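Below is one structure; the comments refer to it alone.
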Amino acid sequence: MLATLYRHLPMVRLRVSLAFALGLTLVGCVGEITTPGGDDDEDAATIAARTAFEDEVMPILDGFCGACHTGMPNIDFMRPNPDIRTAMLGWPTLVDLAAPTSSSVLTQGAHTGPSFTPDQSSVVLEWIELEVVASGGEPAETVESDRVTPIQGVNTIDLTSAGLTGSSLTFLYEPLATGMYLSDIQIVGGTGGVHAINPLFVIWENEAPNPDPINRFGNIDLTVLEGTTSFVGGGTAVFVDVLPGSDISVEFRTLTTADGGDGGDGGDGGVVGGGCNNVAAFTSVAQPPLAANCASCHGAGGMANAISATDMTEINNLTADGQAAACAQIKTRTNQLDPVNSGLFLAPDPGSGTAHPFKFPTPAAFQAFRTSVVNWINQE
Amino acid sequence: MKRRIQQLLFAAAIAGGATACGNSDDPAGGDDDVTGDEDAGVGSADEWDDRLGEREIDYSAALRIASLRLTGDLPSLVEVKALGDALAVEKRSVYESIVRGYLDDPRFAGQMFRFWQDTLKLGDDPEFDTAAAFAAQVTVEERPYTELLTAATGTCATFDEGLGTFAAADCANGVTTHAGLLSHPGAMRQYYGNLAFRRTRWVQETFACTAFPAEIADAQDLGGNALYTAPWPFESISGTANGGLVDFRDLSAVACANCHATMNHMAPLFANFDEDGQYGPAIAVLSPTPGTPTASMLDWLPVGEGPAWRLGVATPDLPTLGAAMATDPMISECAVARVWNWAMGKGDIVDTLSTVPSEVITAQVADFQAGNHVLKDAIFAVFTADDFVKF
């Protein structure tokens, strides 16, 4: 499977090129390894990591990060000291070799500068995983799900074959004239729950795999506890210029039980990105408007179907656990790449045209609500 | 562009004095505001550039318009959701994919049929509809647009609105070798008139997108009360002096020849179609003079002159006229401009003077010409152009 995928996705290609480079280095270096322009004592894994950094990561950093992070005090992790890679590896929390997906270079999101696209996140994560190997750690292994032929309506990809008994990935499928629309993409936690990193959707046309060209869930690190369900990212995916009804599979960078892997704590209620990064900001700026405008239906004692759609039952529970749970639920309805267009805002937007019992009475009121919540999303 | 403006100025000026030429085929709705618009544009170019620059891409709004134009229906819920949920980096590709779906949708055939009914001003009559059906079939089947001017067979197609399908059929109006719609019986019947000038005007306005005068050169003072502006030699068309029944060389009020220099070289090609659109061996149109005699070649052209599309482009028959038009860049630009106006919700490019500056559609016209004149591709290019998706 991967051998075919290599031809389609830069992220996966990187693995091949690096594996190839690694292999060549190992074969060619019977004697002492010497690296022109590098450290003569570098082993093959380090060469692979450094090559990935220079060839794949630096072009991204140069385009997005260098303007600020090269010279501005306190955030200058790209200052060549002695070189940029070394500086970044030594910067506190920036690159977390114990839990790569928790590296702040990946979790920073939109700040004064832009966030990585999912595909860029994937490239950076790939490099960090090579650094894990270079530092003596174990490489991550991908897991491929079974293929399913989607039917209109609810579809289930059983993850039992991956050793996750009772766990599954579910989605709603609707065909487009020239593509496929998936919504309500969720992971259901079976025995032991699920820890999933970067679920990559693959569309199969005539037995040829077409991985999601933008790897839309490249920045997803999702832990779902046993007996719970959680959306994958924003819960939707659109695949265009593919034959409707084509088979679908999902390849995970990591797929384990919730407690069985590389640092998923399994205790955050089954949420994207390991729960909220900034619960305090949620409580400060997002909780008040959500509680005021949404809780009567979506909150505790509200309407069952509203809670089923978006669960805010903990929104008025101001304990630390309550706010963490509320924040985690709301986060599943946000789009961190495009906060203002988060699904959360679609229903109550008076201009959206969606059928929703509640609409803000004026565009200004809606704007005020959205501005507050986006403030929190940006801090996430 | 400058030439286009000149043409418009002349068209507006001549519309006011057309009755002096003794024919009443002047276009309805001449627009006297053209010069004012042009003057206003000169001093405010920067302001408009700024205003255009303020537009923002809104694929959802564009999808609504595209769906209504291309299918006749609003977008489906799943299309709205798919586009709305698409990540920012993929919105364009999702939008383009949905538009591609519309172009392959059976409903598109119906939309094209109606588009061509409007464009050709031929419809709601079984014979007229075969012209629109042929043009729509060429469009839907991604055949070269130039077939509208050159096809020798299948030009009286039928369209099944229920199924959204076409059936090719040959026209049976006595024409030996057809030239697309230029020899179509419905068009010839609908635009029957004195000296075949209504047919000539229909061909010019439909496929070249400008009213007459079609050719403009430096003005010459030939001693009358109006200047002569056509590039043809003044004596290349008839007047009473050389035996014609109508004095197209009259300069006493307006220069009839400014338009008729081109018109008189084209009109004889349509003269053998009678009022039912049937082609015969003899001229079948009348001259608007006392007794309404059947026209003769001398009424259009003096001895030694022959039919032509433009100065220097002789076209002795309809197939050569169609071939000449097919290679004229003006025809390609007109096709794209008509699609542009349709997409943007404008009226007829000639009737409403909704001209499209050449520089606005340069890329689309170039692709249309380079891509074998496939109008469906031009439609896709227009409906995905920045100008279409920005508001």
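Simple scheme: letters A, B, ... for chains in structure tokens order, numbers from 1 for residues in each chain, numbers from 1 for ligands in the order shown.
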Near-range 301-318 of chain A list (7 Å; only C-alpha atoms; drop same-chain fewer than 5 positions) as a VMD selection string
chain A and resid 287 291 295 to 296 323 325 to 326 329
Dump of C-alpha atoms for the selected residues, as an mmCIF file, in the first residue's frame:
```cif
data_model
loop_
_atom_site.group_PDB
_atom_site.id
_atom_site.type_symbol
_atom_site.label_atom_id
_atom_site.label_comp_id
_atom_site.auth_asym_id
_atom_site.auth_seq_id
_atom_site.Cartn_x
_atom_site.Cartn_y
_atom_site.Cartn_z
ATOM 1 C CA GLN A 287 -17.716 30.577 27.762
ATOM 2 C CA ALA A 291 -23.480 30.122 27.918
ATOM 3 C CA ALA A 295 -26.823 26.748 26.710
ATOM 4 C CA SER A 296 -30.593 26.880 26.963
ATOM 5 C CA GLN A 323 -14.417 23.792 31.628
ATOM 6 C CA ALA A 325 -14.648 19.103 29.069
ATOM 7 C CA ALA A 326 -16.758 21.964 27.716
ATOM 8 C CA GLN A 329 -16.469 19.635 23.086
#
```
Tell me, as a PDB file with C-alpha atoms, in the first residue's frame, which residues lie within 12 Å of Ala241 in chain B, counting only C-alpha atoms; anything in the same chain fewer than 5 positions away does not count.
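Okay, this is what ended up in around-v1.pdb:
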```
ATOM      1  CA  GLU B 235     -17.789  53.394 -55.686  1.00  0.00           C
ATOM      2  CA  VAL B 246     -31.382  52.769 -53.887  1.00  0.00           C
ATOM      3  CA  ASP B 247     -28.742  55.471 -53.664  1.00  0.00           C
ATOM      4  CA  PHE B 248     -26.349  54.013 -51.132  1.00  0.00           C
ATOM      5  CA  ARG B 249     -23.831  56.659 -52.143  1.00  0.00           C
ATOM      6  CA  ASP B 250     -26.026  59.459 -50.893  1.00  0.00           C
ATOM      7  CA  LEU B 298     -26.927  45.931 -59.227  1.00  0.00           C
ATOM      8  CA  ASP B 299     -28.969  47.117 -56.279  1.00  0.00           C
ATOM      9  CA  LEU B 301     -22.936  46.153 -56.021  1.00  0.00           C
ATOM     10  CA  PRO B 302     -21.775  47.589 -59.295  1.00  0.00           C
TER      11      PRO B 302
END
```
Contact set, chain B to chain A: 12 Å, only C-alpha atoms, as a ChimeraX atom specification:
/B:60-61,75-106
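Between CA of Leu125 in chain A and CA of Ala45 in chain A the separation is 15.6 Å.
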In range 247-375 of chain A, what's alpha helix (DSSP H) per DSSP? Answer as a PyMOL selection string?
chain A and resi 279-281+287-293+295-298+304-309+320-331+343-346+363-375
Would you put the residues from that selection into a file with C-alpha atoms, as a short mmCIF file (atom, residue, chain, number, x, y, z; two decimals), in the first residue's frame?
```
data_model
loop_
_atom_site.label_atom_id
_atom_site.label_comp_id
_atom_site.auth_asym_id
_atom_site.auth_seq_id
_atom_site.Cartn_x
_atom_site.Cartn_y
_atom_site.Cartn_z
CA VAL A 279 -8.86 26.37 28.84
CA ALA A 280 -8.37 29.64 30.71
CA ALA A 281 -8.88 31.60 27.49
CA GLN A 287 -17.72 30.58 27.76
CA PRO A 288 -19.76 33.72 28.50
CA PRO A 289 -21.25 34.16 25.02
CA LEU A 290 -21.73 30.41 24.58
CA ALA A 291 -23.48 30.12 27.92
CA ALA A 292 -25.63 33.14 27.21
CA ASN A 293 -26.72 32.21 23.71
CA ALA A 295 -26.82 26.75 26.71
CA SER A 296 -30.59 26.88 26.96
CA CYS A 297 -30.82 24.26 24.22
CA HIS A 298 -27.35 22.71 24.07
CA ALA A 304 -31.78 16.17 23.49
CA ASN A 305 -31.33 16.64 19.78
CA ALA A 306 -29.48 19.92 20.31
CA ILE A 307 -27.13 18.29 22.81
CA SER A 308 -26.64 15.42 20.45
CA ALA A 309 -25.59 17.84 17.75
CA ALA A 320 -11.41 23.01 35.99
CA ASP A 321 -12.65 19.62 34.81
CA GLY A 322 -15.96 21.04 33.69
CA GLN A 323 -14.42 23.79 31.63
CA ALA A 324 -11.85 21.42 30.16
CA ALA A 325 -14.65 19.10 29.07
CA ALA A 326 -16.76 21.96 27.72
CA CYS A 327 -13.80 23.45 25.91
CA ALA A 328 -12.94 20.08 24.39
CA GLN A 329 -16.47 19.63 23.09
CA ILE A 330 -16.62 23.09 21.54
CA LYS A 331 -13.20 22.65 20.02
CA GLY A 343 -18.94 24.95 11.88
CA LEU A 344 -19.95 26.35 15.22
CA PHE A 345 -20.91 29.63 13.59
CA LEU A 346 -22.86 28.30 10.66
CA PRO A 363 -25.63 40.61 12.08
CA ALA A 364 -23.95 42.82 14.67
CA ALA A 365 -24.96 40.53 17.51
CA PHE A 366 -23.68 37.54 15.60
CA GLN A 367 -20.41 39.33 14.83
CA ALA A 368 -19.90 40.10 18.50
CA PHE A 369 -20.52 36.45 19.42
CA ARG A 370 -18.19 35.18 16.73
CA THR A 371 -15.46 37.66 17.55
CA SER A 372 -15.36 36.50 21.16
CA VAL A 373 -15.23 32.83 20.30
CA VAL A 374 -12.68 33.35 17.51
CA ASN A 375 -10.53 35.14 20.05
#
```
